[in-house]
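Undergrad: Sending over my_file-v4.tsv (TSV, C-alpha atoms).
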chain	number	residue	atom	x	y	z
A	1	MET	CA	-1.21	-4.20	5.30
A	2	ILE	CA	-0.98	-2.03	2.20
A	3	VAL	CA	1.74	0.63	2.16
A	4	GLY	CA	1.50	3.49	-0.31
A	5	LEU	CA	3.81	6.40	-0.99
A	6	ALA	CA	2.29	9.39	0.84
A	7	PRO	CA	-1.11	10.98	1.46
A	8	GLY	CA	-2.72	12.47	-1.62
A	9	LEU	CA	-3.40	16.19	-1.56
A	10	LYS	CA	-7.11	15.77	-2.24
A	11	GLY	CA	-7.52	12.30	-0.77
A	12	ALA	CA	-6.27	11.24	2.62
A	13	ASN	CA	-5.05	14.71	3.46
A	14	GLN	CA	-8.65	15.98	3.31
A	15	THR	CA	-10.62	12.89	4.35
A	16	GLY	CA	-8.34	11.20	6.88
A	17	ARG	CA	-8.61	7.85	5.05
A	18	PRO	CA	-5.73	6.83	2.77
A	19	PHE	CA	-6.49	6.98	-0.96
A	20	THR	CA	-10.05	8.24	-0.41
A	21	GLY	CA	-11.00	10.70	-3.15
A	22	ASP	CA	-7.87	10.13	-5.22
A	23	TYR	CA	-7.85	8.32	-8.55
A	24	ALA	CA	-5.55	5.66	-7.11
A	25	GLY	CA	-8.18	5.00	-4.45
A	26	ASP	CA	-10.81	4.24	-7.07
A	27	LEU	CA	-8.76	1.31	-8.35
A	28	LEU	CA	-7.48	0.26	-4.93
A	29	TYR	CA	-10.86	0.25	-3.18
A	30	LYS	CA	-12.64	-1.46	-6.08
A	31	THR	CA	-9.99	-4.16	-6.03
A	32	LEU	CA	-10.26	-4.53	-2.26
A	33	MET	CA	-14.05	-4.87	-2.63
A	34	ASP	CA	-13.66	-7.47	-5.40
A	35	PHE	CA	-11.35	-9.56	-3.20
A	36	GLY	CA	-13.44	-9.38	-0.04
A	37	PHE	CA	-11.31	-7.00	2.01
A	38	THR	CA	-14.12	-4.46	2.60
A	39	GLU	CA	-17.65	-3.99	3.90
A	40	GLY	CA	-20.11	-1.29	2.87
A	41	GLU	CA	-20.23	0.99	-0.12
A	42	TYR	CA	-17.29	3.20	-1.11
A	43	LYS	CA	-18.53	6.76	-1.73
A	44	LYS	CA	-15.20	8.59	-1.38
A	45	ARG	CA	-16.21	10.18	1.93
A	46	PRO	CA	-14.95	9.42	5.43
A	47	ASP	CA	-18.58	9.01	6.63
A	48	ASP	CA	-19.69	6.53	3.93
A	49	ASN	CA	-19.85	3.44	6.21
A	50	PHE	CA	-17.13	1.77	4.16
A	51	TYR	CA	-14.72	-0.39	6.18
A	52	LEU	CA	-11.69	-2.55	5.58
A	53	LYS	CA	-11.74	-6.20	6.69
A	54	ASP	CA	-8.52	-7.99	7.63
A	55	CYS	CA	-6.64	-5.17	5.97
A	56	ARG	CA	-5.00	-1.88	6.84
A	57	ILE	CA	-3.76	0.92	4.57
A	58	THR	CA	-0.97	3.29	5.46
A	59	ASN	CA	1.80	5.26	3.77
A	60	GLY	CA	5.55	5.34	4.04
A	61	VAL	CA	5.48	9.14	4.35
A	62	ARG	CA	2.97	10.95	6.56
A	63	CYS	CA	2.76	14.34	4.84
A	64	VAL	CA	2.01	15.42	1.27
A	65	PRO	CA	5.43	15.90	-0.36
A	66	PRO	CA	6.04	18.52	-3.06
A	67	GLN	CA	5.26	17.11	-6.55
A	68	ASN	CA	4.28	13.87	-4.76
A	69	LYS	CA	7.99	12.95	-4.61
A	70	PRO	CA	9.25	12.52	-1.05
A	71	ILE	CA	12.90	13.12	-0.41
A	72	GLY	CA	15.13	10.89	1.72
A	73	ALA	CA	14.83	13.09	4.80
A	74	GLU	CA	11.02	12.90	4.71
A	75	ILE	CA	11.11	9.13	4.34
A	76	LYS	CA	13.62	8.83	7.18
A	77	ASN	CA	11.62	11.15	9.47
A	78	CYS	CA	8.43	9.14	8.92
A	79	ALA	CA	9.96	5.67	9.16
A	80	LYS	CA	9.32	5.46	12.90
A	81	PHE	CA	5.57	5.72	12.30
A	82	LEU	CA	5.54	2.88	9.77
A	83	LYS	CA	7.74	0.78	12.02
A	84	ALA	CA	5.34	1.31	14.93
A	85	GLU	CA	2.33	0.39	12.78
A	86	ILE	CA	3.96	-2.82	11.61
A	87	LYS	CA	5.09	-3.72	15.11
A	88	GLY	CA	1.61	-3.03	16.49
A	89	MET	CA	-0.06	-5.51	14.14
A	90	GLN	CA	0.46	-8.77	16.01
A	91	ASN	CA	-1.22	-10.94	13.33
A	92	LEU	CA	0.34	-9.25	10.31
A	93	SER	CA	1.31	-11.88	7.75
A	94	CYS	CA	1.56	-9.95	4.47
A	95	ILE	CA	2.54	-6.44	3.40
A	96	LEU	CA	1.75	-5.07	-0.06
A	97	ALA	CA	4.17	-2.36	-1.21
A	98	LEU	CA	2.63	0.01	-3.74
A	99	GLY	CA	5.67	1.15	-5.67
A	100	GLY	CA	9.42	1.12	-5.29
A	101	ILE	CA	9.63	3.82	-2.64
A	102	ALA	CA	7.14	2.01	-0.40
A	103	HIS	CA	9.05	-1.23	-1.00
A	104	THR	CA	12.38	0.34	0.01
A	105	THR	CA	10.84	2.06	3.02
A	106	ILE	CA	9.35	-1.21	4.26
A	107	LEU	CA	12.69	-2.99	3.91
A	108	THR	CA	14.40	-0.17	5.79
A	109	VAL	CA	12.03	-0.30	8.77
A	110	LEU	CA	12.28	-4.11	8.84
A	111	ASN	CA	16.11	-3.88	8.83
A	112	GLN	CA	16.44	-5.83	5.58
A	113	LYS	CA	19.11	-5.36	2.92
A	114	LYS	CA	17.57	-3.70	-0.11
A	115	ALA	CA	19.91	-5.47	-2.54
A	116	ARG	CA	18.66	-8.86	-1.35
A	117	TRP	CA	15.00	-8.02	-2.05
A	118	PRO	CA	14.75	-5.95	-5.28
A	119	PHE	CA	11.43	-4.39	-6.25
A	120	LYS	CA	9.59	-6.12	-9.07
A	121	HIS	CA	5.89	-5.97	-9.88
A	122	ALA	CA	3.95	-9.01	-8.56
A	123	GLU	CA	7.07	-10.35	-6.81
A	124	ILE	CA	6.68	-12.21	-3.53
A	125	HIS	CA	9.49	-11.82	-0.99
A	126	TYR	CA	9.68	-14.32	1.87
A	127	LEU	CA	11.50	-12.24	4.46
A	128	PRO	CA	13.06	-14.26	7.30
A	129	LYS	CA	10.78	-14.37	10.38
A	130	LEU	CA	8.81	-11.39	9.06
A	131	PRO	CA	5.59	-10.80	7.14
A	132	ILE	CA	5.65	-11.75	3.46
A	133	LEU	CA	6.32	-8.72	1.25
A	134	VAL	CA	4.45	-8.45	-2.06
A	135	ASP	CA	5.25	-5.79	-4.65
A	136	SER	CA	2.98	-3.94	-7.05
A	137	TYR	CA	3.37	-0.90	-9.18
A	138	HIS	CA	1.54	1.97	-7.52
A	139	CYS	CA	-2.08	2.25	-8.61
A	140	SER	CA	-1.65	5.90	-9.61
A	141	ARG	CA	-3.36	7.51	-12.56
A	142	TYR	CA	0.03	7.91	-14.25
A	143	ASN	CA	0.80	4.18	-14.03
A	144	THR	CA	-2.65	3.13	-15.21
A	145	ASN	CA	-2.83	5.70	-18.02
A	146	THR	CA	0.55	4.61	-19.38
A	147	GLY	CA	-0.32	0.92	-19.12
A	148	ARG	CA	2.47	0.24	-16.66
A	149	LEU	CA	-0.24	-1.13	-14.36
A	150	THR	CA	-3.48	-2.57	-15.69
A	151	THR	CA	-6.50	-3.74	-13.74
A	152	VAL	CA	-5.64	-7.31	-14.70
A	153	MET	CA	-2.10	-6.89	-13.35
A	154	PHE	CA	-3.40	-5.39	-10.10
A	155	ASN	CA	-5.96	-8.17	-9.71
A	156	ASP	CA	-3.19	-10.72	-10.24
A	157	VAL	CA	-1.32	-9.27	-7.27
A	158	PHE	CA	-4.40	-9.56	-5.07
A	159	SER	CA	-5.02	-13.12	-6.27
A	160	LYS	CA	-1.51	-13.99	-5.12
A	161	ILE	CA	-2.13	-12.32	-1.76
A	162	LYS	CA	-5.36	-14.25	-1.22
A	163	LYS	CA	-3.51	-17.50	-1.92
A	164	LEU	CA	-0.71	-16.52	0.46
A	165	LEU	CA	-3.32	-15.87	3.14
A	166	GLY	CA	-4.93	-19.24	2.48
A	167	GLN	CA	-8.19	-17.73	1.30
As a first step, turn the structure in this file into structure tokens.
TA:
Amino acid sequence: MIVGLAPGLKGANQTGRPFTGDYAGDLLYKTLMDFGFTEGEYKKRPDDNFYLKDCRITNGVRCVPPQNKPIGAEIKNCAKFLKAEIKGMQNLSCILALGGIAHTTILTVLNQKKARWPFKHAEIHYLPKLPILVDSYHCSRYNTNTGRLTTVMFNDVFSKIKKLLGQ
């Protein structure tokens, strides 16, 4: 499972598929293709016959927040949806948090102490009796333009995930 921040104004909010049509989706979906988590061709449309394999994408917040910065109340109000998604995935073994807010939200819904599991890019957290949590900087245009996240860094995270999954 991949958990992002919130739906993008021009992406998931318009297409119904997380990250579709947003810059972050270009990097995310290319990386998913490169690592074998997809089928079909990604054309940035909900009807493009592009599918995820052994993977699910969701967000910590369900609505588009102002300035793409959700406030605590929005995160709290949406936590029940993320919790239900995680609980509903019986074979879930790994969660990728895209960014610090997603990381914190995941820990909250899994009833884990945030201080015990600090966010750090490419960090692997072995939560007790829970799916493994892997951190990455968010694949946003801002992070990639500033060099905070490079394609190589993002690929490294997915290489670690593939190894964790025994693939």
Undergrad: Using all atoms listed in the file, find each residue of range 98-133 of chain A with at least one atom at most 8 Å away from an atom of range 56-71 of chain A; report its shortest atom-to-atom pair and that distance in Å (one decimal), sort the rows by chain and rising residue number, and return the result as a tab-separated table.
TA:
residue	atom	partner	partner_atom	distance
A:Ile101	CA	A:Gly60	CA	8.0
A:Ala102	CA	A:Gly60	CA	5.8
A:Thr105	CA	A:Gly60	CA	6.3
A:Ile106	CA	A:Gly60	CA	7.6
Undergrad: Is it possible to get the residues within 12 Å of (-5.5, 1.1, -14.9) (coordinates as in the file, counting all atoms listed in the file) written as a VMD selection string?
TA: chain A and resid 23 to 28 30 to 31 137 to 155
Undergrad: Tell me, as a ChimeraX atom specification, which residues lie within 9 Å of Phe37 in chain A, counting only C-alpha atoms; anything in the same chain fewer than 4 positions away does not count.
TA: /A:29,31-33,51-55
Undergrad: Using C-alpha atoms, can you export the residues from the last selection as a PDB file, keeping the file's coordinate frame?
TA:
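Now in again17.pdb:
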ATOM      1  CA  TYR A  29     -10.860   0.250  -3.180  1.00  0.00           C
ATOM      2  CA  THR A  31      -9.990  -4.160  -6.030  1.00  0.00           C
ATOM      3  CA  LEU A  32     -10.260  -4.530  -2.260  1.00  0.00           C
ATOM      4  CA  MET A  33     -14.050  -4.870  -2.630  1.00  0.00           C
ATOM      5  CA  TYR A  51     -14.720  -0.390   6.180  1.00  0.00           C
ATOM      6  CA  LEU A  52     -11.690  -2.550   5.580  1.00  0.00           C
ATOM      7  CA  LYS A  53     -11.740  -6.200   6.690  1.00  0.00           C
ATOM      8  CA  ASP A  54      -8.520  -7.990   7.630  1.00  0.00           C
ATOM      9  CA  CYS A  55      -6.640  -5.170   5.970  1.00  0.00           C
TER      10      CYS A  55
END
Undergrad: Taking all atoms listed in the file into account, which of A:Lys120, A:Arg17, A:Lys43, A:Lys163 comes nearest Ala97 in chain A?
TA: A:Lys120
Undergrad: Using only C-alpha atoms, which protein or nucleic acid residues come within 9 Å of range 86-91 of chain A? Drop anything in the same chain fewer than 6 positions from it, and give the result as a list of chain:residue names.
TA: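 Result of the neighbour search: A:Met1, A:Val109, A:Leu110.
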Undergrad: Do a neighbour search on Lys160 in chain A at 12 Å with all atoms listed in the file, toss out local chain neighbours closer than 3 positions, and write the hits as a ChimeraX atom specification.
TA: /A:35,94,96,121-125,132-136,153-157,163-167
Undergrad: Looking at only C-alpha atoms, which of A:Gly99, A:Leu5, A:Thr20, A:Ser93 is the one that sits closest to Asp47 in chain A?
TA: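 Between A:Gly99, A:Leu5, A:Thr20, A:Ser93, the residue approaching Asp47 in chain A most closely is A:Thr20.
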Undergrad: As an exercise, work out the distance from CA of Leu127 in chain A to CA of His103 in chain A in Å and give it to one decimal place.
TA: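 Rounded to one decimal, the two atoms are 12.5 Å apart.
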Undergrad: Is there a way to complete range 100-125 of chain A with N, CA and C atoms and then write that out as a compact mmCIF listing (two decimals), in the frame of the given file?
TA:
# COMPACT_ATOMS: atom_id res chain seq x y z
N GLY A 100 8.05 1.34 -5.73
CA GLY A 100 9.42 1.12 -5.29
C GLY A 100 9.80 1.87 -4.03
N ILE A 101 9.29 3.07 -3.85
CA ILE A 101 9.63 3.82 -2.64
C ILE A 101 9.02 3.15 -1.42
N ALA A 102 7.77 2.73 -1.52
CA ALA A 102 7.14 2.01 -0.40
C ALA A 102 7.91 0.73 -0.10
N HIS A 103 8.29 0.01 -1.14
CA HIS A 103 9.05 -1.23 -1.00
C HIS A 103 10.35 -0.97 -0.22
N THR A 104 11.10 0.02 -0.64
CA THR A 104 12.38 0.34 0.01
C THR A 104 12.17 0.80 1.45
N THR A 105 11.13 1.58 1.67
CA THR A 105 10.84 2.06 3.02
C THR A 105 10.51 0.90 3.95
N ILE A 106 9.70 -0.03 3.46
CA ILE A 106 9.35 -1.21 4.26
C ILE A 106 10.61 -2.00 4.62
N LEU A 107 11.46 -2.24 3.64
CA LEU A 107 12.69 -2.99 3.91
C LEU A 107 13.56 -2.27 4.93
N THR A 108 13.61 -0.95 4.85
CA THR A 108 14.40 -0.17 5.79
C THR A 108 13.88 -0.35 7.22
N VAL A 109 12.56 -0.20 7.40
CA VAL A 109 12.03 -0.30 8.77
C VAL A 109 12.07 -1.73 9.30
N LEU A 110 12.16 -2.71 8.41
CA LEU A 110 12.28 -4.11 8.84
C LEU A 110 13.74 -4.56 8.92
N ASN A 111 14.67 -3.61 8.74
CA ASN A 111 16.11 -3.88 8.83
C ASN A 111 16.57 -4.96 7.85
N GLN A 112 16.07 -4.87 6.63
CA GLN A 112 16.44 -5.83 5.58
C GLN A 112 17.33 -5.14 4.54
N LYS A 113 18.23 -5.89 3.96
CA LYS A 113 19.11 -5.36 2.92
C LYS A 113 18.33 -5.21 1.63
N LYS A 114 18.34 -4.00 1.10
CA LYS A 114 17.57 -3.70 -0.11
C LYS A 114 18.06 -4.50 -1.32
N ALA A 115 19.35 -4.73 -1.40
CA ALA A 115 19.91 -5.47 -2.54
C ALA A 115 19.43 -6.92 -2.56
N ARG A 116 19.11 -7.46 -1.42
CA ARG A 116 18.66 -8.86 -1.35
C ARG A 116 17.22 -9.03 -1.82
N TRP A 117 16.42 -7.96 -1.73
CA TRP A 117 15.00 -8.02 -2.05
C TRP A 117 14.64 -6.92 -3.05
N PRO A 118 15.03 -7.02 -4.31
CA PRO A 118 14.75 -5.95 -5.28
C PRO A 118 13.26 -5.85 -5.62
N PHE A 119 12.83 -4.63 -5.88
CA PHE A 119 11.43 -4.39 -6.25
C PHE A 119 11.16 -4.93 -7.65
N LYS A 120 10.05 -5.64 -7.77
CA LYS A 120 9.59 -6.12 -9.07
C LYS A 120 8.08 -6.33 -8.96
N HIS A 121 7.35 -5.84 -9.93
CA HIS A 121 5.89 -5.97 -9.88
C HIS A 121 5.49 -7.44 -9.74
N ALA A 122 4.55 -7.69 -8.83
CA ALA A 122 3.95 -9.01 -8.56
C ALA A 122 4.95 -10.00 -7.94
N GLU A 123 6.06 -9.50 -7.47
CA GLU A 123 7.07 -10.35 -6.81
C GLU A 123 6.65 -10.63 -5.36
N ILE A 124 6.94 -11.82 -4.92
CA ILE A 124 6.68 -12.21 -3.53
C ILE A 124 8.03 -12.42 -2.86
N HIS A 125 8.24 -11.73 -1.73
CA HIS A 125 9.49 -11.82 -0.99
C HIS A 125 9.21 -12.48 0.37
